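This is entry-v5.json. It holds JSON, C-alpha atoms.
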```
[["chain", "number", "residue", "atom", "x", "y", "z"],
["A", 1, "MET", "CA", 79.27, -74.41, 74.35],
["A", 2, "THR", "CA", 80.54, -71.16, 72.82],
["A", 3, "ASP", "CA", 77.01, -69.88, 72.28],
["A", 4, "ALA", "CA", 76.10, -70.97, 75.81],
["A", 5, "LEU", "CA", 79.02, -69.10, 77.35],
["A", 6, "ARG", "CA", 78.17, -66.07, 75.24],
["A", 7, "GLY", "CA", 74.61, -66.37, 76.53],
["A", 8, "PHE", "CA", 75.76, -65.48, 80.03],
["A", 9, "PHE", "CA", 76.45, -61.97, 78.75],
["A", 10, "ASP", "CA", 72.67, -61.61, 78.41],
["A", 11, "ASP", "CA", 72.28, -62.41, 82.11],
["A", 12, "ILE", "CA", 74.43, -59.63, 83.51],
["A", 13, "ASP", "CA", 73.07, -56.31, 84.73],
["A", 14, "ALA", "CA", 75.39, -54.18, 82.53],
["A", 15, "PRO", "CA", 75.06, -51.12, 84.80],
["A", 16, "SER", "CA", 76.14, -47.67, 83.65],
["A", 17, "ARG", "CA", 78.98, -46.75, 86.02],
["A", 18, "SER", "CA", 81.87, -44.32, 85.94],
["A", 19, "LEU", "CA", 85.00, -43.43, 87.90],
["A", 20, "VAL", "CA", 85.66, -39.94, 89.23],
["A", 21, "VAL", "CA", 89.13, -38.97, 90.41],
["A", 22, "VAL", "CA", 88.82, -36.28, 93.09],
["A", 23, "ASN", "CA", 91.50, -33.69, 93.90],
["A", 24, "ARG", "CA", 94.32, -35.45, 92.10],
["A", 25, "SER", "CA", 97.80, -34.50, 93.26],
["A", 26, "GLU", "CA", 99.52, -37.44, 91.58],
["A", 27, "PRO", "CA", 101.33, -36.59, 88.31],
["A", 28, "GLU", "CA", 99.53, -36.64, 84.97],
["A", 29, "PRO", "CA", 101.04, -40.01, 83.88],
["A", 30, "ILE", "CA", 99.12, -41.75, 86.69],
["A", 31, "GLN", "CA", 95.86, -40.34, 85.38],
["A", 32, "ASN", "CA", 96.88, -41.40, 81.87],
["A", 33, "LEU", "CA", 97.40, -44.98, 83.09],
["A", 34, "LEU", "CA", 93.90, -45.05, 84.56],
["A", 35, "ASP", "CA", 92.51, -43.65, 81.32],
["A", 36, "SER", "CA", 94.33, -46.29, 79.27],
["A", 37, "LEU", "CA", 93.11, -49.08, 81.55],
["A", 38, "LEU", "CA", 89.51, -48.27, 80.64],
["A", 39, "GLU", "CA", 90.03, -46.82, 77.19],
["A", 40, "GLY", "CA", 87.17, -47.63, 74.84],
["A", 41, "GLN", "CA", 84.98, -49.12, 77.57],
["A", 42, "SER", "CA", 81.52, -48.10, 78.69],
["A", 43, "VAL", "CA", 83.05, -46.92, 81.99],
["A", 44, "GLY", "CA", 83.83, -43.23, 81.85],
["A", 45, "VAL", "CA", 86.74, -41.67, 83.75],
["A", 46, "SER", "CA", 86.70, -38.02, 84.80],
["A", 47, "GLU", "CA", 88.40, -35.66, 87.22],
["A", 48, "LEU", "CA", 86.85, -33.31, 89.73],
["A", 49, "ASP", "CA", 88.22, -30.76, 92.21],
["A", 50, "LEU", "CA", 86.18, -30.55, 95.40],
["A", 51, "PRO", "CA", 87.01, -28.11, 98.21],
["A", 52, "ASP", "CA", 87.48, -29.67, 101.65],
["A", 53, "ALA", "CA", 87.61, -33.20, 100.19],
["A", 54, "ASP", "CA", 90.47, -35.68, 100.46],
["A", 55, "THR", "CA", 93.09, -35.75, 97.74],
["A", 56, "ASP", "CA", 93.71, -38.60, 95.33],
["A", 57, "VAL", "CA", 90.42, -40.38, 95.93],
["A", 58, "VAL", "CA", 88.54, -42.33, 93.26],
["A", 59, "PHE", "CA", 84.76, -42.74, 93.42],
["A", 60, "LEU", "CA", 82.65, -45.32, 91.61],
["A", 61, "VAL", "CA", 79.45, -43.57, 90.59],
["A", 62, "GLU", "CA", 76.12, -44.73, 89.18],
["A", 63, "ASP", "CA", 73.20, -42.34, 88.56],
["A", 64, "GLY", "CA", 74.89, -39.71, 90.72],
["A", 65, "LYS", "CA", 75.27, -42.07, 93.67],
["A", 66, "VAL", "CA", 78.68, -43.06, 95.05],
["A", 67, "LEU", "CA", 78.85, -46.86, 95.25],
["A", 68, "ALA", "CA", 82.46, -47.27, 96.37],
["A", 69, "ARG", "CA", 85.67, -45.36, 96.95],
["A", 70, "SER", "CA", 89.35, -46.22, 96.77],
["A", 71, "THR", "CA", 92.53, -44.23, 96.97],
["A", 72, "LEU", "CA", 94.54, -43.58, 93.85],
["A", 73, "ASP", "CA", 97.43, -45.27, 95.64],
["A", 74, "GLU", "CA", 95.37, -48.48, 95.88],
["A", 75, "LEU", "CA", 94.83, -48.44, 92.13],
["A", 76, "THR", "CA", 98.49, -47.76, 91.35],
["A", 77, "ASP", "CA", 99.72, -50.49, 93.72],
["A", 78, "SER", "CA", 97.29, -53.15, 92.48],
["A", 79, "VAL", "CA", 96.89, -52.44, 88.77],
["A", 80, "LEU", "CA", 98.24, -49.23, 87.27],
["A", 81, "LEU", "CA", 101.94, -49.77, 88.08],
["A", 82, "ILE", "CA", 101.78, -53.57, 87.78],
["A", 83, "ASN", "CA", 102.50, -55.72, 84.73],
["A", 84, "SER", "CA", 101.36, -59.25, 84.02],
["A", 85, "ASP", "CA", 104.88, -60.68, 84.37],
["A", 86, "LEU", "CA", 104.65, -60.19, 88.13],
["A", 87, "TYR", "CA", 101.79, -62.69, 88.21],
["A", 88, "LYS", "CA", 103.46, -65.12, 85.82],
["A", 89, "THR", "CA", 106.66, -65.21, 87.87],
["A", 90, "GLY", "CA", 104.93, -65.28, 91.25],
["A", 91, "THR", "CA", 106.40, -62.00, 92.46],
["A", 92, "VAL", "CA", 102.96, -61.09, 93.85],
["A", 93, "ASP", "CA", 101.92, -63.58, 96.54],
["A", 94, "LEU", "CA", 98.40, -64.96, 96.27],
["A", 95, "ASP", "CA", 97.43, -63.68, 99.72],
["A", 96, "GLU", "CA", 98.49, -60.16, 98.71],
["A", 97, "VAL", "CA", 96.36, -59.85, 95.58],
["A", 98, "ARG", "CA", 93.68, -57.20, 95.98],
["A", 99, "LEU", "CA", 91.16, -55.55, 93.70],
["A", 100, "PRO", "CA", 90.31, -51.99, 94.77],
["A", 101, "ASP", "CA", 86.67, -51.49, 95.67],
["A", 102, "VAL", "CA", 86.02, -49.18, 92.72],
["A", 103, "LEU", "CA", 87.23, -51.85, 90.27],
["A", 104, "ALA", "CA", 85.48, -54.70, 92.06],
["A", 105, "GLY", "CA", 82.35, -52.56, 91.73],
["A", 106, "LEU", "CA", 82.55, -52.87, 87.94],
["A", 107, "ASP", "CA", 81.12, -56.38, 88.25],
["A", 108, "GLU", "CA", 78.66, -57.31, 85.52],
["A", 109, "VAL", "CA", 79.90, -54.47, 83.32],
["A", 110, "PRO", "CA", 80.81, -55.94, 79.91],
["A", 111, "PHE", "CA", 84.36, -55.23, 78.75],
["A", 112, "ARG", "CA", 86.15, -55.57, 75.43],
["A", 113, "LEU", "CA", 89.85, -55.73, 76.18],
["A", 114, "ARG", "CA", 92.97, -55.97, 74.04],
["A", 115, "GLY", "CA", 96.16, -57.77, 74.94],
["A", 116, "TYR", "CA", 99.74, -56.71, 74.33],
["A", 117, "PRO", "CA", 100.98, -55.12, 72.05],
["A", 118, "GLN", "CA", 97.67, -53.43, 71.16],
["A", 119, "SER", "CA", 97.37, -52.41, 74.80],
["A", 120, "SER", "CA", 99.77, -52.75, 77.71],
["A", 121, "LYS", "CA", 97.07, -52.41, 80.39],
["A", 122, "GLU", "CA", 93.59, -53.46, 79.29],
["A", 123, "LYS", "CA", 93.99, -57.25, 79.58],
["A", 124, "LEU", "CA", 95.73, -56.83, 82.94],
["A", 125, "LEU", "CA", 92.36, -56.06, 84.49],
["A", 126, "LEU", "CA", 91.15, -59.59, 83.68],
["A", 127, "ILE", "CA", 94.40, -61.06, 84.98],
["A", 128, "VAL", "CA", 94.03, -59.32, 88.34],
["A", 129, "VAL", "CA", 90.37, -60.32, 88.62],
["A", 130, "SER", "CA", 91.32, -63.92, 87.84],
["A", 131, "ARG", "CA", 93.95, -63.96, 90.57],
["A", 132, "VAL", "CA", 91.51, -62.45, 93.07],
["A", 133, "ILE", "CA", 89.02, -65.23, 92.30],
["A", 134, "GLU", "CA", 91.78, -67.79, 92.82],
["A", 135, "ARG", "CA", 92.50, -66.17, 96.19],
["A", 136, "PHE", "CA", 88.81, -66.46, 97.08],
["A", 137, "ALA", "CA", 89.01, -70.21, 96.39],
["A", 138, "ALA", "CA", 92.11, -70.59, 98.54],
["A", 139, "GLU", "CA", 90.46, -68.70, 101.39],
["A", 140, "ALA", "CA", 87.28, -70.78, 101.11],
["A", 141, "GLY", "CA", 89.31, -73.96, 101.56],
["A", 142, "GLY", "CA", 86.67, -76.06, 99.77],
["A", 143, "GLY", "CA", 84.12, -76.04, 97.00],
["A", 144, "THR", "CA", 85.28, -75.91, 93.40],
["A", 145, "LEU", "CA", 87.51, -73.77, 91.20],
["A", 146, "ARG", "CA", 87.21, -74.16, 87.43],
["A", 147, "SER", "CA", 89.72, -72.34, 85.23],
["A", 148, "SER", "CA", 90.53, -72.36, 81.53],
["A", 149, "PHE", "CA", 94.02, -71.66, 80.20],
["A", 150, "GLN", "CA", 93.70, -72.12, 76.41],
["A", 151, "ARG", "CA", 97.07, -73.94, 76.59],
["A", 152, "LEU", "CA", 97.59, -76.12, 79.65],
["A", 153, "SER", "CA", 101.35, -75.59, 79.26],
["A", 154, "ARG", "CA", 100.85, -72.19, 80.89],
["A", 155, "LEU", "CA", 100.52, -74.04, 84.18],
["A", 156, "GLN", "CA", 103.94, -75.51, 83.50],
["A", 157, "ASP", "CA", 105.68, -72.47, 82.04],
["A", 158, "GLU", "CA", 104.37, -69.72, 84.34],
["A", 159, "GLN", "CA", 105.94, -70.34, 87.72],
["A", 160, "GLY", "CA", 103.60, -68.00, 89.57],
["A", 161, "THR", "CA", 100.46, -69.50, 88.06],
["A", 162, "ARG", "CA", 101.63, -73.03, 88.80],
["A", 163, "ARG", "CA", 102.33, -72.06, 92.41],
["A", 164, "VAL", "CA", 98.84, -70.61, 92.79],
["A", 165, "TYR", "CA", 97.16, -73.81, 91.62],
["A", 166, "ASP", "CA", 99.40, -75.92, 93.81],
["A", 167, "ILE", "CA", 98.35, -73.79, 96.81],
["A", 168, "VAL", "CA", 94.64, -73.83, 95.98],
["A", 169, "GLY", "CA", 94.55, -77.55, 95.25],
["A", 170, "ASN", "CA", 96.29, -78.34, 98.52],
["A", 171, "ARG", "CA", 93.80, -76.30, 100.55],
["A", 172, "GLY", "CA", 90.93, -78.70, 99.97],
["A", 173, "VAL", "CA", 89.49, -77.07, 96.85],
["A", 174, "ASP", "CA", 88.31, -79.34, 94.01],
["A", 175, "VAL", "CA", 90.28, -77.70, 91.18],
["A", 176, "HIS", "CA", 89.49, -78.33, 87.51],
["A", 177, "VAL", "CA", 91.62, -76.89, 84.69],
["A", 178, "TYR", "CA", 90.68, -76.76, 81.00],
["A", 179, "GLY", "CA", 92.67, -76.26, 77.83],
["A", 180, "VAL", "CA", 94.55, -77.78, 74.92],
["A", 181, "GLY", "CA", 96.54, -80.69, 76.32],
["A", 182, "ASP", "CA", 100.09, -79.62, 75.50],
["A", 183, "ALA", "CA", 101.67, -80.35, 78.90],
["A", 184, "GLU", "CA", 101.85, -83.05, 81.58],
["A", 185, "LEU", "CA", 100.35, -81.77, 84.85],
["A", 186, "SER", "CA", 100.21, -84.95, 86.94],
["A", 187, "SER", "CA", 102.18, -83.35, 89.77],
["A", 188, "LEU", "CA", 99.56, -80.66, 90.34],
["A", 189, "PRO", "CA", 96.57, -81.37, 92.64],
["A", 190, "VAL", "CA", 94.06, -80.64, 89.87],
["A", 191, "THR", "CA", 91.68, -82.48, 87.55],
["A", 192, "VAL", "CA", 92.68, -81.89, 83.92],
["A", 193, "HIS", "CA", 90.14, -81.50, 81.08],
["A", 194, "GLN", "CA", 91.67, -81.50, 77.60],
["A", 195, "GLY", "CA", 90.12, -80.58, 74.27],
["A", 196, "ARG", "CA", 90.66, -78.72, 71.05],
["A", 197, "SER", "CA", 87.23, -77.21, 70.41],
["A", 198, "TYR", "CA", 86.58, -73.47, 70.64],
["A", 199, "PRO", "CA", 85.82, -73.42, 74.39],
["A", 200, "TYR", "CA", 89.16, -75.03, 75.19],
["A", 201, "ARG", "CA", 91.15, -72.81, 72.82],
["A", 202, "ARG", "CA", 89.38, -69.46, 73.07],
["A", 203, "SER", "CA", 87.52, -69.17, 76.36],
["A", 204, "TRP", "CA", 88.87, -67.70, 79.58],
["A", 205, "PHE", "CA", 86.91, -68.46, 82.70],
["A", 206, "VAL", "CA", 87.72, -68.63, 86.39],
["A", 207, "VAL", "CA", 84.83, -69.76, 88.55],
["A", 208, "CYS", "CA", 84.93, -70.10, 92.34],
["A", 209, "ASN", "CA", 81.90, -71.87, 93.81],
["A", 210, "PRO", "CA", 82.67, -72.16, 97.54],
["A", 211, "PRO", "CA", 81.15, -74.54, 100.08],
["A", 212, "PRO", "CA", 78.03, -73.27, 101.90],
["A", 213, "GLU", "CA", 79.92, -72.56, 105.09],
["A", 214, "ALA", "CA", 82.18, -70.07, 103.26],
["A", 215, "GLY", "CA", 79.30, -67.65, 102.73],
["A", 216, "SER", "CA", 78.40, -65.63, 99.68],
["A", 217, "ASP", "CA", 81.47, -63.37, 99.85],
["A", 218, "HIS", "CA", 83.59, -65.96, 98.05],
["A", 219, "HIS", "CA", 81.32, -66.56, 95.05],
["A", 220, "ALA", "CA", 82.98, -65.13, 91.96],
["A", 221, "ALA", "CA", 83.28, -65.83, 88.26],
["A", 222, "LEU", "CA", 85.02, -64.32, 85.28],
["A", 223, "VAL", "CA", 83.95, -65.22, 81.74],
["A", 224, "ALA", "CA", 85.77, -63.98, 78.63],
["A", 225, "LEU", "CA", 85.76, -65.05, 74.99],
["A", 226, "GLU", "CA", 88.43, -64.39, 72.37],
["A", 227, "ASP", "CA", 86.39, -63.87, 69.20],
["A", 228, "GLU", "CA", 89.24, -61.96, 67.57],
["A", 229, "PRO", "CA", 92.96, -62.66, 68.04],
["A", 230, "ASN", "CA", 94.06, -61.19, 71.36],
["A", 231, "VAL", "CA", 90.77, -59.33, 71.87],
["A", 232, "TRP", "CA", 88.53, -60.46, 74.71],
["A", 233, "ASP", "CA", 84.88, -59.82, 75.53],
["A", 234, "GLY", "CA", 84.49, -60.41, 79.25],
["A", 235, "PHE", "CA", 82.81, -59.68, 82.55],
["A", 236, "TRP", "CA", 83.03, -60.75, 86.15],
["A", 237, "THR", "CA", 80.32, -61.29, 88.72],
["A", 238, "PHE", "CA", 79.97, -61.92, 92.45],
["A", 239, "ARG", "CA", 76.30, -62.88, 92.24],
["A", 240, "PRO", "CA", 75.97, -66.36, 93.84],
["A", 241, "ALA", "CA", 73.10, -67.55, 91.66],
["A", 242, "LEU", "CA", 74.87, -66.57, 88.43],
["A", 243, "VAL", "CA", 78.19, -68.02, 89.62],
["A", 244, "ASP", "CA", 76.44, -71.30, 90.40],
["A", 245, "ARG", "CA", 74.85, -71.42, 86.94],
["A", 246, "ILE", "CA", 78.19, -70.78, 85.20],
["A", 247, "ASP", "CA", 79.85, -73.42, 87.37],
["A", 248, "ARG", "CA", 77.22, -76.04, 86.61],
["A", 249, "HIS", "CA", 77.31, -75.25, 82.90],
["A", 250, "VAL", "CA", 81.08, -75.69, 82.65],
["A", 251, "ALA", "CA", 80.94, -78.86, 84.77],
["A", 252, "THR", "CA", 78.35, -80.51, 82.54],
["A", 253, "SER", "CA", 79.42, -79.20, 79.11],
["A", 254, "LEU", "CA", 83.20, -79.55, 79.02]]
```
Translate the structure described by the file into structure tokens.
Amino acid sequence: MTDALRGFFDDIDAPSRSLVVVNRSEPEPIQNLLDSLLEGQSVGVSELDLPDADTDVVFLVEDGKVLARSTLDELTDSVLLINSDLYKTGTVDLDEVRLPDVLAGLDEVPFRLRGYPQSSKEKLLLIVVSRVIERFAAEAGGGTLRSSFQRLSRLQDEQGTRRVYDIVGNRGVDVHVYGVGDAELSSLPVTVHQGRSYPYRRSWFVVCNPPPEAGSDHHAALVALEDEPNVWDGFWTFRPALVDRIDRHVATSL
């Protein structure tokens, strides 16, 4: 199962994309936060002053072509000035979770991300993407959501996460959760899958496969593997065919 999940990394496009911050007026620490978010990744971050252009705009660029744009404020409000505790405690409502277009556009780019204390920001990117995928499932109101937690007790201990899965499960979504069985979750509207093999202990996936009537906009999957302690290789995708393959693989292998 580990090799099979790793095999999905061979199926992604791995595009060469970069972020360009145009006419920044925000203070230097904001730029430093963006740099630290993507430190060590294949995604470059640069600054550019352009006459007659808007201030504090971020472009996603590939081969000289602008694929998406977001404001720097959108990045600070959704990621740069956010910490993971806000998601654990439920301070951020599920319906309010957003991923700026320039970050969503990093789909199928492979990442290697460190958790705290090695990095205070890198892993947050996967946390936000996970919550966005959970929001997609809630909005779809059907289909399936499959999520791994390493330790199922996180659904008991993290009030915000528990609330999310209570919401999603009660909106008609067939929710499956995976992890080491160290908690009783009978009160949640989810199907529990317990195990102690590598995929249960060291994989991190969130896969939303919506019903046909929801359209392709709600297909999304995140796959990450912890091959070193607190270091994750991961990617996310919105490609329906790939999402469907990941979903079917998890359903039949775990």
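Using all atoms listed in the file, the nearest neighbour of Ala251 (chain A) within the list A:His218, A:His193, A:Arg135, A:Lys65 is A:His193.
Comparing the minimum interatomic distances between Val173 (chain A) and each of A:Arg6, A:Arg146, A:Arg17, A:Arg114, counting all atoms listed in the file, we find that A:Arg146 sits nearest.
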Exercise for the section: Just the residues within 9 Å of region 164-167 of chain A, please, counting all atoms listed in the file, with nothing from its chain fewer than 6 positions along; format it as a list in words. Expected result: Gly90, Asp93, Leu94, Arg131, Glu134, Arg135, Ala138, Leu155, Val175, Ser187, Leu188, Pro189 and Val190 of chain A
Practice task
May I ask which of the residues A:Ile133, A:Leu145, A:Ala14, A:Ala214 is the closest one to Phe238 (chain A), counting all atoms listed in the file?
Solution key: A:Ile133
Problem - Expected answer as a PyMOL selection string: all residues with atoms within 12 Å of (79.8, -66.3, 100.2), only C-alpha atoms - result: chain A and resi 136-137+139-140+142-143+208-220+238-241+243-244
Given all atoms listed in the file, how would the per-residue table for region 68-149 of chain A near region 197-200 of chain A read, listing every residue at most 12 Å away with its closest atom pair and distance in Å to one decimal, sorted by chain and number, as a tab-separated table?
```
residue	atom	partner	partner_atom	distance
A:Ser147	CA	A:Tyr200	CA	10.4
A:Ser148	CA	A:Tyr200	CA	7.0
A:Phe149	CA	A:Tyr200	CA	7.8
```
What does the file look like for those residues with C-alpha atoms, as a short mmCIF file (atom, residue, chain, number, x, y, z; two decimals), in the frame of the given file?
```cif
data_model
loop_
_atom_site.label_atom_id
_atom_site.label_comp_id
_atom_site.auth_asym_id
_atom_site.auth_seq_id
_atom_site.Cartn_x
_atom_site.Cartn_y
_atom_site.Cartn_z
CA SER A 147 89.72 -72.34 85.23
CA SER A 148 90.53 -72.36 81.53
CA PHE A 149 94.02 -71.66 80.20
#
```
Practice task
Using all atoms listed in the file, find the one residue out of A:Gln194, A:Asp56, A:Gly181, A:Lys88 that sits nearest to Pro27 (chain A).
Solution key: A:Asp56
Practice task
Measure the distance from CA of Thr161 (chain A) to CA of Asn32 (chain A) in Å and round it to one decimal.
Solution key: 29.0 Å
Practice task
Fewer than 2 positions away in the same chain doesn't count, so skip those; otherwise give me all residues within 10 Å of Leu103 (chain A), counting all atoms listed in the file, as a VMD selection string.
Solution key: chain A and resid 19 59 to 60 68 to 70 75 79 99 to 101 105 to 107 125 129
Fill in the blank from the handout: Of A:Trp236, A:Leu86, A:Gly141, A:Arg196, the one nearest to Arg171 (chain A) when counting only C-alpha atoms is A:Gly141
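Comparing A:Leu50, A:Leu81, A:Val206, A:Leu34 by their smallest distance to Ala224 (chain A), the closest is A:Val206 (using all atoms listed in the file).
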Can you list, as a CSV table (one decimal) with C-alpha atoms, keeping the file's coordinate frame, every protein, DNA or RNA residue that comes within 10 Å of Asn83 (chain A) when you count all atoms listed in the file, leaving out same-chain residues fewer than 6 positions away?
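Now in selection_13.csv:
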```
chain,number,residue,atom,x,y,z
A,120,SER,CA,99.8,-52.8,77.7
A,121,LYS,CA,97.1,-52.4,80.4
A,124,LEU,CA,95.7,-56.8,82.9
A,127,ILE,CA,94.4,-61.1,85.0
A,128,VAL,CA,94.0,-59.3,88.3
```
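With all atoms listed in the file taken into account, the protein and nucleic acid residues at most 8 Å from Pro110 (chain A) (excluding it and anything under 5 positions from it in its own chain) are Phe9, Ala14, Ser42, Asp233, Gly234 and Phe235 of chain A.
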May I have the selected residues written with C-alpha atoms, as a PDB file, in the coordinates of the input?
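Contents of again_24.pdb, as written:
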```pdb
ATOM      1  CA  PHE A   9      76.450 -61.970  78.750  1.00  0.00           C
ATOM      2  CA  ALA A  14      75.390 -54.180  82.530  1.00  0.00           C
ATOM      3  CA  SER A  42      81.520 -48.100  78.690  1.00  0.00           C
ATOM      4  CA  ASP A 233      84.880 -59.820  75.530  1.00  0.00           C
ATOM      5  CA  GLY A 234      84.490 -60.410  79.250  1.00  0.00           C
ATOM      6  CA  PHE A 235      82.810 -59.680  82.550  1.00  0.00           C
TER       7      PHE A 235
END
```
